[in-house]
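Quick look at my_file-v1.txt (compact mmCIF, C-alpha atoms):
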# COMPACT_ATOMS: atom_id res chain seq x y z
CA MET A 1 -49.45 -103.25 -30.09
CA MET A 2 -52.41 -105.19 -31.49
CA GLU A 3 -52.81 -107.16 -28.23
CA THR A 4 -52.67 -103.95 -26.18
CA TRP A 5 -55.32 -102.36 -28.36
CA LEU A 6 -57.61 -105.39 -28.09
CA ASN A 7 -57.30 -105.37 -24.30
CA ALA A 8 -58.12 -101.66 -24.23
CA SER A 9 -61.11 -102.19 -26.53
CA LEU A 10 -62.54 -104.97 -24.38
CA THR A 11 -61.96 -102.92 -21.23
CA LEU A 12 -63.75 -99.91 -22.71
CA VAL A 13 -66.80 -102.03 -23.41
CA ALA A 14 -66.68 -104.02 -20.17
CA ILE A 15 -66.28 -101.23 -17.60
CA PRO A 16 -69.50 -99.26 -18.24
CA MET A 17 -71.58 -102.35 -18.92
CA LEU A 18 -70.30 -104.02 -15.76
CA GLY A 19 -71.10 -100.82 -13.88
CA GLY A 20 -74.66 -100.92 -15.18
CA LEU A 21 -75.20 -104.56 -14.27
CA LEU A 22 -73.71 -104.24 -10.79
CA GLY A 23 -75.62 -101.02 -10.31
CA LEU A 24 -78.89 -102.95 -10.44
CA ALA A 25 -78.22 -103.79 -6.79
CA LEU A 26 -78.47 -100.05 -6.06
CA TRP A 27 -81.83 -99.61 -7.78
CA LYS A 28 -83.56 -98.56 -4.55
CA TRP A 29 -80.88 -95.96 -3.74
CA PRO A 30 -80.80 -93.67 -6.79
CA ARG A 31 -78.39 -91.11 -5.30
CA ILE A 32 -75.82 -93.80 -4.57
CA PHE A 33 -76.47 -95.26 -8.04
CA GLN A 34 -75.74 -91.81 -9.53
CA VAL A 35 -72.37 -91.60 -7.76
CA TRP A 36 -71.67 -95.21 -8.80
CA THR A 37 -72.38 -94.29 -12.43
CA LEU A 38 -70.04 -91.29 -12.30
CA VAL A 39 -67.26 -93.49 -10.90
CA PHE A 40 -67.54 -96.00 -13.74
CA LEU A 41 -67.75 -93.28 -16.38
CA THR A 42 -64.61 -91.69 -14.90
CA ALA A 43 -62.85 -95.06 -15.06
CA THR A 44 -63.89 -95.41 -18.70
CA GLY A 45 -62.52 -91.98 -19.47
CA LEU A 46 -59.21 -92.86 -17.83
CA ILE A 47 -58.90 -95.91 -20.07
CA LEU A 48 -59.13 -93.60 -23.09
CA THR A 49 -56.09 -91.70 -21.81
CA VAL A 50 -54.03 -94.58 -20.42
CA TYR A 51 -54.15 -96.54 -23.68
CA SER A 52 -53.37 -93.61 -25.96
CA GLY A 53 -50.97 -94.46 -28.72
CA PRO A 54 -48.09 -92.52 -30.29
CA SER A 55 -49.88 -92.30 -33.62
CA SER A 56 -53.29 -92.91 -35.09
CA ASP A 57 -54.59 -93.16 -38.62
CA ASP A 58 -58.11 -92.36 -37.45
CA PRO A 59 -58.05 -89.69 -34.72
CA THR A 60 -61.72 -88.97 -35.47
CA ALA A 61 -62.73 -92.19 -33.69
CA GLY A 62 -60.85 -91.19 -30.55
CA ILE A 63 -62.38 -87.71 -30.51
CA LEU A 64 -65.88 -89.16 -30.86
CA MET A 65 -65.30 -91.71 -28.09
CA ALA A 66 -64.10 -88.95 -25.79
CA MET A 67 -67.23 -86.97 -26.69
CA ILE A 68 -69.49 -89.92 -25.86
CA VAL A 69 -67.93 -90.45 -22.43
CA LEU A 70 -67.88 -86.70 -21.68
CA ALA A 71 -71.55 -86.27 -22.64
CA ALA A 72 -72.54 -89.28 -20.52
CA PHE A 73 -70.59 -88.00 -17.52
CA LEU A 74 -71.98 -84.45 -17.70
CA SER A 75 -75.56 -85.59 -18.30
CA VAL A 76 -75.42 -87.90 -15.28
CA LEU A 77 -73.70 -85.23 -13.19
CA GLY A 78 -76.50 -82.77 -13.98
CA HIS A 79 -79.35 -85.26 -13.68
CA ASN A 80 -82.12 -84.38 -11.22
CA GLN A 81 -83.50 -87.19 -9.11
CA GLN A 82 -86.89 -88.56 -10.26
CA LYS A 83 -88.73 -91.84 -10.22
CA ASP A 84 -87.05 -93.02 -13.44
CA THR A 85 -83.53 -92.21 -12.25
CA PRO A 86 -82.31 -95.84 -11.82
CA ALA A 87 -83.49 -96.80 -15.31
CA ILE A 88 -81.89 -93.69 -16.83
CA LEU A 89 -78.55 -94.38 -15.14
CA PHE A 90 -78.62 -98.04 -16.16
CA LEU A 91 -79.42 -97.18 -19.79
CA THR A 92 -76.67 -94.56 -19.88
CA LEU A 93 -73.98 -96.98 -18.71
CA VAL A 94 -75.06 -99.80 -21.01
CA LEU A 95 -75.35 -97.50 -24.02
CA VAL A 96 -71.89 -96.07 -23.35
CA GLY A 97 -70.49 -99.61 -23.40
CA LEU A 98 -72.30 -100.52 -26.60
CA GLY A 99 -71.33 -97.24 -28.24
CA LEU A 100 -67.65 -97.69 -27.45
CA GLY A 101 -67.93 -101.27 -28.65
CA PHE A 102 -69.21 -99.99 -31.98
CA MET A 103 -66.36 -97.48 -32.22
CA THR A 104 -63.64 -100.05 -31.51
CA SER A 105 -64.91 -103.08 -33.44
CA GLU A 106 -65.14 -104.18 -37.05
CA GLY A 107 -67.18 -106.36 -39.35
CA GLY A 108 -70.16 -108.21 -37.92
CA ALA A 109 -69.34 -107.13 -34.36
CA ARG A 110 -69.80 -103.49 -35.31
CA THR A 111 -73.13 -104.26 -36.93
CA SER A 112 -74.20 -106.19 -33.83
CA TYR A 113 -73.37 -103.33 -31.48
CA LEU A 114 -75.39 -100.84 -33.53
CA GLY A 115 -78.31 -103.25 -33.71
CA GLU A 116 -78.30 -103.69 -29.95
CA ILE A 117 -78.34 -99.91 -29.50
CA PHE A 118 -81.33 -99.60 -31.84
CA VAL A 119 -83.18 -102.33 -29.92
CA LEU A 120 -82.45 -100.79 -26.52
CA VAL A 121 -83.35 -97.23 -27.53
CA GLY A 122 -86.43 -98.45 -29.42
CA LEU A 123 -87.67 -100.37 -26.39
CA ALA A 124 -87.11 -97.33 -24.17
CA LEU A 125 -89.02 -95.16 -26.66
CA PHE A 126 -91.87 -97.68 -26.76
CA TYR A 127 -92.11 -97.85 -22.97
CA TYR A 128 -91.86 -94.16 -22.20
CA GLY A 129 -93.89 -93.15 -25.23
CA PHE A 130 -96.82 -95.51 -24.78
CA HIS A 131 -96.87 -96.50 -21.11
CA THR A 132 -96.20 -93.29 -19.22
CA GLY A 133 -99.21 -91.22 -20.13
CA ASN A 134 -98.13 -89.88 -23.52
CA PRO A 135 -100.73 -90.33 -26.26
CA PRO A 136 -99.54 -92.56 -29.13
CA ARG A 137 -99.50 -89.66 -31.58
CA GLU A 138 -96.72 -88.04 -29.54
CA VAL A 139 -94.40 -90.90 -30.49
CA GLY A 140 -95.95 -92.52 -33.51
CA TRP A 141 -95.42 -96.03 -34.74
CA GLY A 142 -93.44 -94.53 -37.59
CA ALA A 143 -90.57 -93.66 -35.26
CA LEU A 144 -90.43 -97.23 -33.98
CA GLY A 145 -90.73 -98.44 -37.56
CA LEU A 146 -87.61 -96.48 -38.49
CA TYR A 147 -85.64 -98.30 -35.82
CA GLY A 148 -87.02 -101.50 -37.33
CA LEU A 149 -85.85 -100.31 -40.76
CA GLY A 150 -82.40 -99.70 -39.31
CA LEU A 151 -82.30 -103.22 -37.90
CA THR A 152 -83.45 -104.64 -41.23
CA CYS A 153 -80.70 -102.78 -43.09
CA LEU A 154 -78.11 -104.04 -40.63
CA ALA A 155 -79.33 -107.61 -41.16
CA VAL A 156 -79.28 -107.24 -44.96
CA SER A 157 -75.72 -105.87 -44.84
CA VAL A 158 -74.55 -109.17 -43.34
CA VAL A 159 -75.67 -111.21 -46.38
CA VAL A 160 -74.66 -108.82 -49.16
CA SER A 161 -71.29 -107.36 -50.06
CA GLY A 162 -69.63 -104.57 -51.98
CA PRO A 163 -71.33 -101.23 -52.62
CA MET A 164 -74.74 -102.71 -51.83
CA ALA A 165 -73.64 -103.46 -48.27
CA SER A 166 -72.30 -99.93 -47.88
CA MET A 167 -75.55 -98.41 -49.14
CA VAL A 168 -77.85 -100.34 -46.80
CA LEU A 169 -75.50 -99.66 -43.89
CA LEU A 170 -75.65 -95.95 -44.64
CA VAL A 171 -79.45 -96.07 -44.49
CA ALA A 172 -79.15 -97.59 -41.00
CA LEU A 173 -76.71 -94.86 -40.03
CA ALA A 174 -79.13 -92.20 -41.28
CA VAL A 175 -81.56 -93.34 -38.58
CA ALA A 176 -78.98 -92.59 -35.88
CA PHE A 177 -77.31 -89.61 -37.55
CA PRO A 178 -80.54 -87.88 -38.64
CA LEU A 179 -81.10 -87.40 -42.36
CA PHE A 180 -84.44 -86.72 -44.04
CA PRO A 181 -86.59 -88.83 -44.46
CA PHE A 182 -85.14 -91.17 -41.79
CA HIS A 183 -85.08 -88.55 -39.01
CA GLY A 184 -88.35 -89.39 -37.25
CA ALA A 185 -86.90 -91.93 -34.83
CA PHE A 186 -84.21 -89.51 -33.69
CA VAL A 187 -86.65 -86.63 -33.15
CA ALA A 188 -89.09 -88.85 -31.23
CA THR A 189 -86.28 -90.23 -29.06
CA LEU A 190 -85.08 -86.79 -28.01
CA SER A 191 -88.62 -85.53 -27.45
CA ASN A 192 -90.00 -88.41 -25.37
CA LEU A 193 -87.29 -90.06 -23.31
CA PRO A 194 -87.09 -88.80 -19.72
CA GLY A 195 -84.51 -87.08 -17.59
CA SER A 196 -81.02 -86.48 -18.92
CA LEU A 197 -81.18 -89.26 -21.52
CA PRO A 198 -81.84 -86.85 -24.43
CA ALA A 199 -78.76 -84.81 -23.42
CA PHE A 200 -76.68 -87.98 -23.77
CA LEU A 201 -78.34 -89.52 -26.82
CA VAL A 202 -78.05 -86.30 -28.82
CA VAL A 203 -74.30 -86.99 -28.75
CA LEU A 204 -74.20 -90.80 -28.78
CA LEU A 205 -76.46 -91.61 -31.74
CA PRO A 206 -75.09 -89.03 -34.20
CA SER A 207 -71.51 -89.89 -33.17
CA LEU A 208 -72.07 -93.51 -34.19
CA GLY A 209 -73.56 -92.44 -37.50
CA PHE A 210 -70.81 -89.90 -38.11
CA SER A 211 -68.10 -92.48 -37.41
CA GLY A 212 -69.72 -95.08 -39.66
CA MET A 213 -70.22 -92.53 -42.42
CA SER A 214 -66.51 -91.69 -42.40
CA VAL A 215 -65.75 -95.35 -43.09
CA LEU A 216 -68.43 -95.95 -45.72
CA MET A 217 -68.31 -92.78 -47.85
CA PRO A 218 -65.19 -93.78 -49.85
CA THR A 219 -66.86 -97.09 -50.80
CA LEU A 220 -70.10 -95.60 -52.18
CA PRO A 221 -70.82 -95.12 -55.90
CA ASP A 222 -70.94 -91.55 -57.22
CA TRP A 223 -74.64 -91.65 -58.03
CA PHE A 224 -75.46 -92.62 -54.45
CA ILE A 225 -73.31 -89.79 -53.07
CA HIS A 226 -75.18 -87.36 -55.34
CA GLY A 227 -78.40 -88.65 -53.81
CA ILE A 228 -77.01 -87.99 -50.33
CA PHE A 229 -76.16 -84.46 -51.45
CA VAL A 230 -79.78 -83.82 -52.45
CA LEU A 231 -81.19 -85.39 -49.28
CA ALA A 232 -78.77 -83.36 -47.16
CA LEU A 233 -80.05 -80.09 -48.63
CA LEU A 234 -83.65 -81.25 -48.17
CA SER A 235 -82.91 -82.35 -44.62
CA ALA A 236 -81.36 -79.02 -43.68
CA MET A 237 -84.21 -77.01 -45.21
CA TYR A 238 -86.92 -79.29 -43.80
CA GLY A 239 -85.44 -79.15 -40.30
CA ALA A 240 -85.20 -75.35 -40.37
CA LEU A 241 -88.79 -74.91 -41.60
CA LYS A 242 -90.17 -77.52 -39.21
CA ALA A 243 -88.44 -75.86 -36.26
CA LEU A 244 -90.17 -72.56 -37.09
CA VAL A 245 -93.59 -73.93 -36.10
CA GLN A 246 -92.60 -75.80 -32.92
CA PHE A 247 -93.83 -74.61 -29.53
CA ARG A 248 -92.11 -77.27 -27.42
CA MET A 249 -88.48 -76.73 -26.55
CA GLY A 250 -87.49 -80.36 -27.11
CA HIS A 251 -89.02 -80.47 -30.59
CA LEU A 252 -87.54 -77.13 -31.60
CA LEU A 253 -84.06 -78.23 -30.55
CA ALA A 254 -84.44 -81.57 -32.37
CA TYR A 255 -85.44 -80.00 -35.69
CA ALA A 256 -82.86 -77.22 -35.43
CA TYR A 257 -80.28 -79.95 -34.82
CA LEU A 258 -81.58 -81.85 -37.85
CA ALA A 259 -81.03 -78.74 -39.98
CA GLN A 260 -77.52 -78.16 -38.68
CA MET A 261 -76.55 -81.83 -39.07
CA GLY A 262 -77.90 -81.70 -42.61
CA ILE A 263 -75.03 -79.30 -43.25
CA VAL A 264 -72.61 -82.03 -42.12
CA TRP A 265 -74.14 -84.54 -44.54
CA TRP A 266 -73.97 -81.92 -47.31
CA TYR A 267 -70.33 -81.09 -46.64
CA VAL A 268 -69.19 -84.73 -46.57
CA ALA A 269 -71.14 -85.50 -49.75
CA VAL A 270 -69.58 -82.48 -51.47
CA ASN A 271 -65.99 -83.19 -50.42
CA GLY A 272 -66.26 -86.98 -50.41
CA THR A 273 -64.28 -87.29 -47.20
CA MET A 274 -64.01 -86.15 -43.59
CA THR A 275 -61.92 -83.09 -42.80
CA PRO A 276 -60.77 -81.68 -39.44
CA GLN A 277 -63.17 -78.76 -39.93
CA VAL A 278 -66.28 -80.91 -40.16
CA VAL A 279 -65.14 -83.06 -37.21
CA MET A 280 -64.77 -79.92 -35.10
CA TYR A 281 -68.15 -78.56 -36.25
CA PHE A 282 -69.93 -81.82 -35.51
CA SER A 283 -68.35 -82.26 -32.08
CA ALA A 284 -68.98 -78.68 -30.96
CA LEU A 285 -72.57 -78.66 -32.19
CA ALA A 286 -73.35 -82.00 -30.52
CA LEU A 287 -71.96 -80.83 -27.19
CA ALA A 288 -73.75 -77.46 -27.34
CA THR A 289 -77.07 -79.17 -28.12
CA SER A 290 -76.45 -81.62 -25.28
CA GLY A 291 -76.10 -78.65 -22.94
CA LEU A 292 -79.39 -77.19 -24.17
CA TYR A 293 -81.19 -80.50 -23.60
CA LEU A 294 -79.71 -80.71 -20.11
CA ALA A 295 -80.96 -77.17 -19.47
CA GLY A 296 -84.38 -78.28 -20.72
CA HIS A 297 -84.25 -81.17 -18.26
CA HIS A 298 -83.90 -78.67 -15.41
CA LEU A 299 -86.88 -76.71 -16.71
CA ARG A 300 -89.00 -79.85 -16.97
CA THR A 301 -88.31 -80.79 -13.35
CA ARG A 302 -89.59 -77.36 -12.30
CA PHE A 303 -92.48 -76.74 -14.73
CA GLY A 304 -93.45 -80.31 -15.58
CA HIS A 305 -93.39 -79.53 -19.32
CA LEU A 306 -91.36 -77.74 -21.99
CA ASP A 307 -94.16 -75.83 -23.73
CA MET A 308 -92.62 -72.47 -24.54
CA ASP A 309 -96.03 -70.80 -24.85
CA LYS A 310 -96.86 -71.74 -21.25
CA MET A 311 -93.75 -70.47 -19.55
CA GLY A 312 -91.83 -67.23 -19.68
CA GLY A 313 -90.09 -64.72 -17.50
CA VAL A 314 -87.70 -67.40 -16.27
CA ALA A 315 -84.88 -64.85 -16.27
CA HIS A 316 -86.52 -63.07 -13.32
CA SER A 317 -86.74 -66.08 -11.02
CA MET A 318 -83.74 -68.08 -12.32
CA PRO A 319 -80.95 -65.63 -13.20
CA ARG A 320 -78.18 -68.25 -13.05
CA PHE A 321 -80.14 -70.51 -15.40
CA ALA A 322 -80.83 -67.57 -17.73
CA THR A 323 -77.14 -66.68 -17.93
CA ILE A 324 -75.96 -70.17 -18.80
CA LEU A 325 -78.81 -70.67 -21.28
CA VAL A 326 -77.86 -67.48 -23.13
CA VAL A 327 -74.25 -68.66 -23.37
CA LEU A 328 -75.25 -72.13 -24.63
CA ILE A 329 -77.59 -70.63 -27.22
CA THR A 330 -74.79 -68.31 -28.32
CA ALA A 331 -72.57 -71.34 -28.83
CA ALA A 332 -75.21 -73.44 -30.63
CA MET A 333 -76.28 -70.72 -33.06
CA GLY A 334 -72.68 -70.23 -34.17
CA LEU A 335 -71.59 -66.86 -32.84
CA PRO A 336 -67.89 -65.96 -32.41
CA LEU A 337 -65.73 -67.26 -29.54
CA PHE A 338 -67.18 -70.77 -29.85
CA ALA A 339 -66.11 -73.76 -31.92
CA VAL A 340 -69.34 -74.02 -33.95
CA PHE A 341 -68.67 -70.58 -35.45
CA SER A 342 -65.00 -71.08 -36.30
CA ALA A 343 -65.48 -74.60 -37.68
CA PHE A 344 -68.46 -73.62 -39.85
CA PHE A 345 -66.64 -70.82 -41.61
CA GLU A 346 -63.57 -72.98 -42.11
CA MET A 347 -65.85 -75.55 -43.73
CA MET A 348 -67.21 -72.93 -46.11
CA LEU A 349 -63.65 -72.10 -47.16
CA HIS A 350 -62.92 -75.74 -48.02
CA VAL A 351 -65.94 -76.58 -50.17
CA SER A 352 -65.23 -78.32 -53.46
CA THR A 353 -65.30 -75.81 -56.32
CA GLY A 354 -67.83 -77.89 -58.24
CA PHE A 355 -70.50 -77.25 -55.59
CA LEU A 356 -69.95 -73.58 -54.79
CA TRP A 357 -73.46 -72.83 -56.09
CA SER A 358 -74.96 -74.63 -53.07
CA ILE A 359 -73.17 -72.44 -50.50
CA PRO A 360 -75.82 -69.65 -50.63
CA VAL A 361 -78.49 -72.26 -49.84
CA ILE A 362 -76.50 -73.45 -46.82
CA LEU A 363 -75.95 -69.88 -45.63
CA ILE A 364 -79.70 -69.17 -45.84
CA ILE A 365 -80.41 -72.29 -43.76
CA TRP A 366 -77.70 -71.24 -41.31
CA LEU A 367 -79.34 -67.84 -40.89
CA MET A 368 -82.78 -69.42 -40.44
CA VAL A 369 -81.53 -71.70 -37.68
CA SER A 370 -79.62 -68.85 -36.08
CA TRP A 371 -82.90 -66.94 -35.82
CA LEU A 372 -84.63 -69.86 -34.10
CA TYR A 373 -82.37 -69.87 -31.06
CA PRO A 374 -82.98 -66.22 -30.07
CA ARG A 375 -86.71 -66.92 -30.45
CA LEU A 376 -86.38 -69.79 -27.97
CA MET A 377 -84.38 -67.60 -25.62
CA HIS A 378 -86.87 -64.75 -25.77
CA GLN A 379 -89.92 -66.94 -25.12
CA VAL A 380 -88.39 -68.87 -22.23
CA LEU A 381 -86.45 -66.13 -20.50
CA PHE A 382 -88.33 -62.93 -21.24
CA GLY A 383 -91.78 -63.94 -22.46
CA ARG A 384 -94.93 -63.26 -20.50
CA PRO A 385 -95.66 -66.25 -18.22
CA LEU A 386 -99.11 -67.80 -18.09
CA VAL A 387 -98.45 -68.92 -14.52
CA PRO A 388 -96.32 -67.34 -11.76
CA VAL A 389 -92.71 -68.44 -12.04
CA PHE A 390 -91.14 -66.63 -9.11
CA SER A 391 -91.57 -69.71 -6.92
CA HIS A 392 -89.24 -71.81 -9.09
CA ARG A 393 -85.79 -72.20 -7.57
CA ASP A 394 -82.69 -71.33 -9.55
CA LEU A 395 -80.03 -73.85 -10.53
CA SER A 396 -78.05 -75.30 -7.65
CA PRO A 397 -74.23 -75.44 -7.88
CA GLY A 398 -74.46 -79.15 -8.72
CA GLU A 399 -76.89 -78.45 -11.59
CA LEU A 400 -74.85 -75.52 -12.83
CA LEU A 401 -71.45 -77.27 -12.83
CA PRO A 402 -71.93 -79.60 -15.86
CA LEU A 403 -73.35 -76.73 -17.93
CA ILE A 404 -70.36 -74.55 -17.07
CA LEU A 405 -68.01 -77.38 -18.02
CA MET A 406 -69.74 -77.71 -21.38
CA VAL A 407 -69.34 -73.99 -22.02
CA LEU A 408 -65.64 -74.12 -21.10
CA VAL A 409 -65.02 -77.03 -23.46
CA LEU A 410 -66.79 -75.18 -26.29
CA MET A 411 -64.79 -72.02 -25.66
CA LEU A 412 -61.48 -73.89 -25.53
CA ALA A 413 -62.33 -75.81 -28.69
CA GLY A 414 -63.06 -72.50 -30.42
CA LEU A 415 -59.48 -71.40 -29.71
CA VAL A 416 -57.91 -74.57 -31.13
CA PRO A 417 -57.23 -74.59 -34.90
CA SER A 418 -59.28 -77.36 -36.48
CA ASP A 419 -56.22 -78.77 -38.26
CA LEU A 420 -54.55 -79.24 -34.88
CA ALA A 421 -57.68 -80.76 -33.37
CA GLY A 422 -58.00 -83.18 -36.25
CA SER A 423 -54.45 -84.45 -35.89
CA THR A 424 -54.04 -84.42 -32.10
CA ASN A 425 -54.46 -87.75 -30.40
CA SER A 426 -52.10 -87.69 -27.45
CA LEU A 427 -54.98 -88.04 -24.98
CA ILE A 428 -57.20 -90.49 -26.83
CA LEU A 429 -57.19 -94.18 -27.59
CA SER A 430 -55.23 -95.06 -30.71
CA VAL A 431 -57.64 -96.61 -33.20
CA HIS A 432 -56.07 -97.74 -36.46
CA VAL A 433 -58.02 -97.87 -39.69
CA GLU A 434 -56.39 -101.09 -40.75
CA GLU A 435 -57.53 -102.66 -37.47
CA VAL A 436 -61.05 -101.30 -36.96
CA GLY A 437 -61.77 -98.98 -39.89
CA THR A 438 -63.31 -101.60 -42.13
CA TRP A 439 -66.94 -102.45 -41.51
CA LYS A 440 -67.36 -105.47 -43.72
CA PRO A 441 -64.99 -108.39 -43.07

Encoded form (C-alpha cells):
Amino acid sequence: MMETWLNASLTLVAIPMLGGLLGLALWKWPRIFQVWTLVFLTATGLILTVYSGPSSDDPTAGILMAMIVLAAFLSVLGHNQQKDTPAILFLTLVLVGLGLGFMTSEGGARTSYLGEIFVLVGLALFYYGFHTGNPPREVGWGALGLYGLGLTCLAVSVVVSGPMASMVLLVALAVAFPLFPFHGAFVATLSNLPGSLPAFLVVLLPSLGFSGMSVLMPTLPDWFIHGIFVLALLSAMYGALKALVQFRMGHLLAYAYLAQMGIVWWYVAVNGTMTPQVVMYFSALALATSGLYLAGHHLRTRFGHLDMDKMGGVAHSMPRFATILVVLITAAMGLPLFAVFSAFFEMMLHVSTGFLWSIPVILIIWLMVSWLYPRLMHQVLFGRPLVPVFSHRDLSPGELLPLILMVLVLMLAGLVPSDLAGSTNSLILSVHVEEVGTWKP
C-alpha cells in the first residue's frame, strides 16, 4: 500500500510539471498549448481517482487536491487568449504540480514545495507588477516582502523543532491562507497577475495554507491559538471594512475573501480542530470566488480594466454574463441552495460553548460581506456606464461552460450533508496522516 501511494504521489507531481516543461515547445501556438494543458490536467485528475484507497485518515487532503485540479482545469478552460497566455498556462501547470507535491509530502520536502511556490508566485508578481506598466504603488514592495517573510519562516522551521517550528510554519501559511496582518501578498497577487491566474491562485494558495493549518493546529500552545483567535476576528473585520471602500472588482473580491476566510481561522481557533463543516465552507467559498475572478477576467478582456465606477449596464449588452454573475454572487454571499450557506450555518451550530460571545461579531461581519456582493452586482450590471457598452460581445459557449460547471458543483455540494462530504473519499487519493500528515520529520 505504501509503495502504491508513493508511486501515485510522484505521478501527481510529475504529470503537470512534465506537461508544463514539454509545453514550452508550444509557446508560439497558445491555442494548442491551452488544449495541451487541459489534457495534462485531465490526466492528473484521473490519477486522483485511479489511486483512491478504501479508507483514509485525512480525507480533507484529498478534497483539497481535487479542488486544486478542478480550479486549474476550469480556469484554463475559460481563459481568453492574450499575449501572456503561454506564460499563464506554464505557471498553472507547474504550480499544480508543486501544490500537489506539498499535499502529498512530509517533512523538509513539504517545506521545499511551499517555498518554491512562494518564489514562483513572487517572481510572477514582481514581473507583472513592475514591468508591465503598473506603477509600483499598485503592488508595493511590502507584498513581495511578505513572500520573503514566508520563505524566511520556512527556512527557520528547518533548524528549530517543537512548538517553535509549528509557530513559524503557521506564519508562513498565513501568507498563503490570508490572515491579517500577513494578507498583503495574497491581495496583491490576486489584483495584479494577468488572465485566469487569479481564478486559480484564489483556490491553490489558501488550500495549501488550510491543509497545513489542519496539521499544525494540534501542536500549537494554547496562548498562540488565542492569538490566532484575536487575529482572525481582526482579519475578518478589517477585510469587510476595507472592501467597503474598493472601486476595483479584483480588490473588492480579495478583501471580501479575506473577511470570509477570517471566519475559517476563527472557527478553527475556537474549536481547535478541523470539522467537516469548515472543510465544506472553505471549499465552496474558494470555488465560488474562483468563478467570480474568472468572470472578472472576461470583463477585463472586453473593457481593459475592472474599475466598477467606469463600467455599468453590462446586463443590457451581456445578458448571459449577467445571469451567471448573479448566480455566482448568490453562491459567494451565502444564500440558500448553495454550499456556502449550508456549511456556514452548520459551523455556527458547532461552535465551542466557551466562545459563543464571539458569534454575534461573526454574524455582523457576515452581513457586511453579504451586502458587498449586491453592491458589486448593481454597479457592474445595472449601473450607469461612463462609456457605451452595447458593443461588447456576450460570453461565448466556451467562456460560459466553466462558469456553469462551477455553479453546478456549488449547487450539488449544497445538497450533500457536510458530515458525508467530510468522510467520503471513494473518488480521491488516499492520504494517510501517519504517512504524510506530519510536517516536521

When you look at A:His79 with a cut-off of 8 Å (counting all atoms listed in the file), what residues show up, excluding the ones that are within fewer than 3 positions of it in the same chain? I need them as an MDAnalysis selection string. chainID A and resid 75:76 195:196 294 297 399

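In this comparison, which uses only C-alpha atoms, the residue of A:Ala331, A:Ala172, A:Val159, A:Met17 approaching A:Leu98 most closely is A:Met17.
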
Against stretch 69-73 of chain A, which residues of stretch 195-280 of chain A fall within 10 Å? For each one I want the closest pair of atoms and the distance in Å (one decimal), counting only C-alpha atoms, rows by chain and increasing residue number, as a Markdown table.
| residue | atom | partner | partner_atom | distance |
| --- | --- | --- | --- | --- |
| A:Ser196 | CA | A:Ala72 | CA | 9.1 |
| A:Leu197 | CA | A:Ala72 | CA | 8.7 |
| A:Ala199 | CA | A:Ala71 | CA | 7.4 |
| A:Phe200 | CA | A:Ala72 | CA | 5.4 |
| A:Leu201 | CA | A:Ala72 | CA | 8.6 |
| A:Val202 | CA | A:Ala71 | CA | 9.0 |
| A:Val203 | CA | A:Ala71 | CA | 6.7 |
| A:Leu204 | CA | A:Ala71 | CA | 8.1 |

For each of A:Leu18, A:Leu253, A:Ala269, A:Leu89, take the minimum atom-to-atom distance to A:Val35, counting all atoms listed in the file, then give the residue where this is smallest. A:Leu89

I want to know what sits within 12 Å of A:Thr323, based on only C-alpha atoms, with residues of the same chain fewer than 4 positions away left out; could you give that as a list in words? Ala295, Val314, Ala315, His316, Ser317, Met318, Pro319, Val327, Leu328, Ile329, Thr330, Met377, Leu381, Asp394, Leu395, Leu400, Leu403, Ile404 and Val407 of chain A

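Every polymer residue reaching to within 9 Å of (-88.6, -83.6, -21.2), counting all atoms listed in the file, appears in this list: Leu190, Ser191, Asn192, Leu193, Pro194, Gly195, Ser196, Pro198, Met249, Gly250, Tyr293, Gly296, His297, His298, Leu299, Arg300, Thr301, Gly304, His305 and Leu306 of chain A.
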
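For the atom pair formed by atom CA of A:Leu149 and atom CA of A:Gly129, the distance is 18.9 Å, given to one decimal.
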
May I ask which of the residues A:Gly291, A:Gly107, A:Pro218, A:Gly239 is the closest one to A:Val268, counting all atoms listed in the file?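 Looking only at the distances to A:Val268, the closest residue turns out to be A:Pro218.
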
For a quick check of understanding, using only C-alpha atoms, which of A:Met213, A:Leu12, A:Leu234, A:Ala259 has the smallest distance to A:Ser370?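 The shortest atom-to-atom distance to A:Ser370 comes from A:Ala259.
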
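Proximity of A:Met347, A:Val175, A:Met311, A:Gly108 to A:Val156, computed with only C-alpha atoms, is greatest for A:Gly108.
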
At a cut-off of 9 Å, using all atoms listed in the file, what residues contact A:Ala188? Leave out same-chain residues fewer than 2 positions from it and give the result as a list in words. Leu125, Gly129, Glu138, Val139, Gly140, Ala143, Leu144, His183, Gly184, Ala185, Phe186, Leu190, Ser191, Asn192, Leu193, His251 and Ala254 of chain A

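One distance worth recording is that between atom CA of A:Tyr128 and atom CA of A:Leu93, which is 18.4 Å.
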
Could you check which of A:Thr152, A:Asn80, A:Gln379, A:Ser214 is closest to A:Gly313, using all atoms listed in the file?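 Residue with the minimum atom-to-atom distance to A:Gly313: A:Gln379.
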
Could you check how far atom CA of A:Arg302 sits from atom CA of A:Ala322, in Å to one decimal?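 If I compute the distance from atom CA of A:Arg302 to atom CA of A:Ala322, I get 14.2 Å.
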
For stretch 180-224 of chain A against stretch 114-117 of chain A, with a cut-off of 12 Å and counting only C-alpha atoms, what is the closest atom pair and its distance in Å to one decimal for every residue that makes the cut, ordered by chain and number, as a Markdown table?
| residue | atom | partner | partner_atom | distance |
| --- | --- | --- | --- | --- |
| A:Leu201 | CA | A:Ile117 | CA | 10.7 |
| A:Leu204 | CA | A:Ile117 | CA | 10.0 |
| A:Leu205 | CA | A:Ile117 | CA | 8.8 |
| A:Pro206 | CA | A:Leu114 | CA | 11.8 |
| A:Ser207 | CA | A:Leu114 | CA | 11.6 |
| A:Leu208 | CA | A:Leu114 | CA | 8.1 |
| A:Gly209 | CA | A:Leu114 | CA | 9.5 |
| A:Ser211 | CA | A:Leu114 | CA | 11.8 |
| A:Gly212 | CA | A:Leu114 | CA | 10.1 |

Residues as selected, C-alpha atoms, written as an mmCIF file, in the coordinates of the input, can you do that?
data_model
loop_
_atom_site.group_PDB
_atom_site.id
_atom_site.type_symbol
_atom_site.label_atom_id
_atom_site.label_comp_id
_atom_site.auth_asym_id
_atom_site.auth_seq_id
_atom_site.Cartn_x
_atom_site.Cartn_y
_atom_site.Cartn_z
ATOM 1 C CA LEU A 201 -78.340 -89.520 -26.820
ATOM 2 C CA LEU A 204 -74.200 -90.800 -28.780
ATOM 3 C CA LEU A 205 -76.460 -91.610 -31.740
ATOM 4 C CA PRO A 206 -75.090 -89.030 -34.200
ATOM 5 C CA SER A 207 -71.510 -89.890 -33.170
ATOM 6 C CA LEU A 208 -72.070 -93.510 -34.190
ATOM 7 C CA GLY A 209 -73.560 -92.440 -37.500
ATOM 8 C CA SER A 211 -68.100 -92.480 -37.410
ATOM 9 C CA GLY A 212 -69.720 -95.080 -39.660
#
